[in-house]
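First comes the structure, then the notes that go with it.
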Amino acid sequence: MGSIYSEDALLRRALHFPHCPVAYPTRGNPTAMRFTRREFSKLAALSLAARLAPAAQAHKETTTRKTGYAVIGLGRIAGHFLPAVRGSANSQITGLVSGHRDKADKIAAEYGVPSSSIYNYDNFDDIVHNPAVDAVYVALPNSMHAEYTIRAAKAGKHVLCEKPMSTSVADAEAMIAACKAANVKLMIAYRCHYEPTNLKAIQLIRDGALGQVQAISSTFGGNISAGEWRLNKQLAGGGPLLDLGIYSLNACRYLTGEEPAHISAFASTIDHDGRFNNVEENLTWSMTFPSGIVASCSTSYGAWMPDHYRVYGAKGWLQVDHAFTYEGLQLRAEFSGAKIDEINPARDPSHFVAEAEHFSHCVENNLQPKSPGEEGLRDMQCMVQIYQSAGLST
Ligand code: NDP
C-alpha cells in the first residue's frame, strides 16, 4: 500500500499537486470564482500588504520591542513557524532547543541565534538565565507538550504550545496550573482561530446569514506512513483523532460557539499491517449541541479525507474546503439569494504569522490569548469522551 501521509504533506496539499508543493494558483476552476468589486479590492489590498510587509517590519523594528521565541523541536511544523516569526512585525527567534546539534547550528546561523542560546533536552532548564527568550514554541510530539510547557513555565517563559495540547486531561490541567503559578501566558497554537476564511465563516453564522444552523459535517484524514511517531501511542497519545480529527472537533465548537452536549463515536481498524497496533485507524463521531445543532465528523489514518466543513442552516449553507490547510482555503456559500465563492490568496506561512503576532501582542500587553490553555483542555475533554464512546482506551 502506498502510504503517503504526513500531517505537513496533507496540509501543504502535496497529495493534490505532487509536483507543485505550493498548490494554490492551480487549484480549482478560476472561472468559477465570483468576487464582488469590494471583495476583490480587499483581497488585492491583503496581497499588497503581504508584499509590503518587510518594509513595514523594518519601520516597526525601530519602534517596537519584539517578543523572543525559543523553538523546541526542530521538525516539520517548526519549519513553518521559524520563517513566519522572521516575517512577523513583533516577534523574533532568539533560541533553539533540539536533540540534534548539527541541525540546530544550521538553523541558528540562518536566524542569527547565538550558539549560547541553543539548548538540548537535558540542559533546557538553563533557559531561565536567557533574557532574550521571552516565550517558547512547543513543537514536539504530543506527549512531550506537557513536560516542556511545565519546564518552560518554571523558567518564567510564556508558552505557545502546538495542538493537541496534551495527551490527557490531567496533563492539560497541570499545564494550565503551572503557567498560572508562574504567571506566564499559555496559548494553544490553533492557527485557524487567527485565519481570515475561518473567521469569515464564523462571522457569517453569527450574523445570521444562514439562519438557525441545524447541522455540520466535517472530515480530515490521511493515509499514514509506517514508522511515524504518530503511530506510537506513547508519543502521540492516540491516533488520527488527536492529530487530524481535532481540527473538525475544534471547528464544530468555533462554528457553533457551543460546547457539545452529547457525543457518540465508532472506531475501526481495517488494515492489519502493523501500523495500527497502538492507535485507531478510523474514527467517526456525532455530537449534539445545546441549541440542538447536530454534527458529524470523521477522521482516518487509512484514507485521504479532504479537510473541509459544511454548515447547513435554515436560510442556506456554507462550506470551507481546505479549511485546515496552510493556504488555498475556499469559502462557498448560498443563502437568501446570495452566493459566495472565494479562495483566500494568502500563502503559507501566513497562518503562523498571525498566530505568532497575536501571542506576542498578548505577551507584550499582558492580555489573555484568544486560544488559551482552557481551549485545548476543552478539546482534550471532548476527545476523551469520543474515545470512551468508541470503546477505546485513552
Ligand atoms: P516532527 O516529527 O516533524 O517534529 C517533531 C520534532 O520533535 C523532531 O524533529 C525532533 O526535533 C523533536 N523530538 C524530540 N523527541 C522526539 C521523539 N522521541 N520523536 C520524534 N521527534 C522528537 O513532528 P511535527 O512537526 O509534524 O509535529 C510536532 C507537533 O506539531 C505535534 O504536536 C503536531 O500535532 C503539531 N502539528 C501542528 C500542525 C499545525 O498545523 N498546527 C501541523 C503539524 C504538526 P529535534 O530533532 O530538533 O530534537
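Just so we're on the same page: first chain in the C-alpha cells is A, next is B, and so on; residues restart at 1 for each chain, and ligands are numbered from 1 in the order they show up.
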message: Hey, which residues sit close to ligand 1? Say within 9 Å, counting only C-alpha atoms and all ligand atoms, and write them as a ChimeraX atom specification.
response: /A:6-9,11,71-80,96-101,103-104,120-121,138-145,161-166,189-192,228-230,235-236,242-244,324-326,351-352
Closest-contact table, range 158-275 of chain A side, partner range 295-315 of chain A, 6 Å, counting only C-alpha atoms, as JSON lines:
```
{"residue": "A:Leu210", "atom": "CA", "partner": "A:Lys315", "partner_atom": "CA", "distance": 4.7}
{"residue": "A:Gly211", "atom": "CA", "partner": "A:Lys315", "partner_atom": "CA", "distance": 4.9}
{"residue": "A:Gln212", "atom": "CA", "partner": "A:Gly313", "partner_atom": "CA", "distance": 5.3}
{"residue": "A:Val213", "atom": "CA", "partner": "A:Gly313", "partner_atom": "CA", "distance": 4.0}
{"residue": "A:Gln214", "atom": "CA", "partner": "A:Gly313", "partner_atom": "CA", "distance": 5.3}
{"residue": "A:Ala215", "atom": "CA", "partner": "A:Tyr312", "partner_atom": "CA", "distance": 5.2}
{"residue": "A:Ile216", "atom": "CA", "partner": "A:Val311", "partner_atom": "CA", "distance": 4.5}
{"residue": "A:Ser217", "atom": "CA", "partner": "A:Ser296", "partner_atom": "CA", "distance": 4.9}
{"residue": "A:Ser218", "atom": "CA", "partner": "A:Tyr309", "partner_atom": "CA", "distance": 4.2}
{"residue": "A:Thr219", "atom": "CA", "partner": "A:Ser298", "partner_atom": "CA", "distance": 4.9}
{"residue": "A:Phe220", "atom": "CA", "partner": "A:Asp307", "partner_atom": "CA", "distance": 4.3}
{"residue": "A:Gly221", "atom": "CA", "partner": "A:Met305", "partner_atom": "CA", "distance": 4.4}
{"residue": "A:Gly222", "atom": "CA", "partner": "A:Trp304", "partner_atom": "CA", "distance": 4.2}
{"residue": "A:Asn223", "atom": "CA", "partner": "A:Gly302", "partner_atom": "CA", "distance": 4.3}
{"residue": "A:Ile224", "atom": "CA", "partner": "A:Tyr301", "partner_atom": "CA", "distance": 5.3}
{"residue": "A:Pro240", "atom": "CA", "partner": "A:Ser300", "partner_atom": "CA", "distance": 5.6}
{"residue": "A:Gly245", "atom": "CA", "partner": "A:Thr299", "partner_atom": "CA", "distance": 5.2}
```
Extract, using only C-alpha atoms, all DNA, RNA and protein residues at most 12 Å from range 366-368 of chain A, discarding same-chain residues fewer than 5 positions from it, and format them as a PDB file with N, CA and C atoms, in the first residue's frame.
```pdb
ATOM      1  N   HIS A 158       6.832  32.389  28.692  1.00  0.00           N
ATOM      2  CA  HIS A 158       5.476  32.208  28.169  1.00  0.00           C
ATOM      3  C   HIS A 158       5.493  31.025  27.194  1.00  0.00           C
ATOM      4  N   LYS A 180      -0.214  29.323  35.288  1.00  0.00           N
ATOM      5  CA  LYS A 180      -0.843  30.287  36.223  1.00  0.00           C
ATOM      6  C   LYS A 180       0.093  30.544  37.387  1.00  0.00           C
ATOM      7  N   ASN A 183       2.797  32.723  36.504  1.00  0.00           N
ATOM      8  CA  ASN A 183       2.330  33.991  35.944  1.00  0.00           C
ATOM      9  C   ASN A 183       2.841  34.203  34.511  1.00  0.00           C
ATOM     10  N   VAL A 184       2.799  33.133  33.721  1.00  0.00           N
ATOM     11  CA  VAL A 184       3.151  33.258  32.304  1.00  0.00           C
ATOM     12  C   VAL A 184       1.932  32.881  31.466  1.00  0.00           C
ATOM     13  N   LYS A 185       1.929  33.330  30.230  1.00  0.00           N
ATOM     14  CA  LYS A 185       0.777  33.070  29.362  1.00  0.00           C
ATOM     15  C   LYS A 185       0.924  31.715  28.668  1.00  0.00           C
ATOM     16  N   LEU A 186      -0.228  31.104  28.424  1.00  0.00           N
ATOM     17  CA  LEU A 186      -0.269  29.826  27.711  1.00  0.00           C
ATOM     18  C   LEU A 186      -1.280  29.945  26.579  1.00  0.00           C
ATOM     19  N   MET A 187      -0.793  29.721  25.371  1.00  0.00           N
ATOM     20  CA  MET A 187      -1.704  29.729  24.209  1.00  0.00           C
ATOM     21  C   MET A 187      -1.520  28.428  23.441  1.00  0.00           C
ATOM     22  N   ILE A 188      -2.629  27.840  23.001  1.00  0.00           N
ATOM     23  CA  ILE A 188      -2.551  26.650  22.150  1.00  0.00           C
ATOM     24  C   ILE A 188      -2.592  27.133  20.697  1.00  0.00           C
ATOM     25  N   HIS A 358      -0.258  37.412  17.296  1.00  0.00           N
ATOM     26  CA  HIS A 358      -1.282  37.501  18.347  1.00  0.00           C
ATOM     27  C   HIS A 358      -0.668  37.183  19.709  1.00  0.00           C
ATOM     28  N   PHE A 359       0.091  36.099  19.763  1.00  0.00           N
ATOM     29  CA  PHE A 359       0.647  35.713  21.073  1.00  0.00           C
ATOM     30  C   PHE A 359       1.636  36.768  21.568  1.00  0.00           C
ATOM     31  N   SER A 360       2.481  37.275  20.675  1.00  0.00           N
ATOM     32  CA  SER A 360       3.449  38.296  21.090  1.00  0.00           C
ATOM     33  C   SER A 360       2.724  39.546  21.591  1.00  0.00           C
ATOM     34  N   HIS A 361       1.659  39.905  20.912  1.00  0.00           N
ATOM     35  CA  HIS A 361       0.864  41.067  21.335  1.00  0.00           C
ATOM     36  C   HIS A 361       0.322  40.840  22.745  1.00  0.00           C
ATOM     37  N   GLY A 373      -4.983  27.971  27.220  1.00  0.00           N
ATOM     38  CA  GLY A 373      -4.900  26.563  27.618  1.00  0.00           C
ATOM     39  C   GLY A 373      -6.276  25.949  27.814  1.00  0.00           C
ATOM     40  N   GLU A 374      -7.212  26.720  28.315  1.00  0.00           N
ATOM     41  CA  GLU A 374      -8.568  26.189  28.587  1.00  0.00           C
ATOM     42  C   GLU A 374      -9.227  25.701  27.301  1.00  0.00           C
ATOM     43  N   GLU A 375      -8.879  26.323  26.170  1.00  0.00           N
ATOM     44  CA  GLU A 375      -9.441  25.903  24.879  1.00  0.00           C
ATOM     45  C   GLU A 375      -8.903  24.516  24.501  1.00  0.00           C
TER      46      GLU A 375
END
```
message: Taking 5 positions as the minimum chain separation for residues in the same chain, which residues sit within 8 Å of Asn344 in chain A when counting only C-alpha atoms? Answer as a count of residues only.
response: 6
- request: For Gly391 in chain A, work out the shell of residues within 12 Å, counting only C-alpha atoms and skipping chain neighbours fewer than 6 positions away, then give it as a PyMOL selection string.
  value: chain A and resi 264-268+280+283+384-385
Could you please take those selected residues and save C-alpha atoms as a compact mmCIF listing (two decimals), in the first residue's frame?
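Result file is selection.txt:
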```txt
# COMPACT_ATOMS: atom_id res chain seq x y z
CA SER A 264 -21.21 9.17 20.41
CA ALA A 265 -18.48 7.55 18.36
CA PHE A 266 -17.38 4.45 16.42
CA ALA A 267 -13.85 3.30 15.61
CA SER A 268 -12.46 0.60 13.35
CA GLU A 280 -7.11 3.55 15.87
CA LEU A 283 -12.99 7.13 13.80
CA VAL A 384 -11.60 11.53 25.87
CA GLN A 385 -15.38 11.30 25.58
```
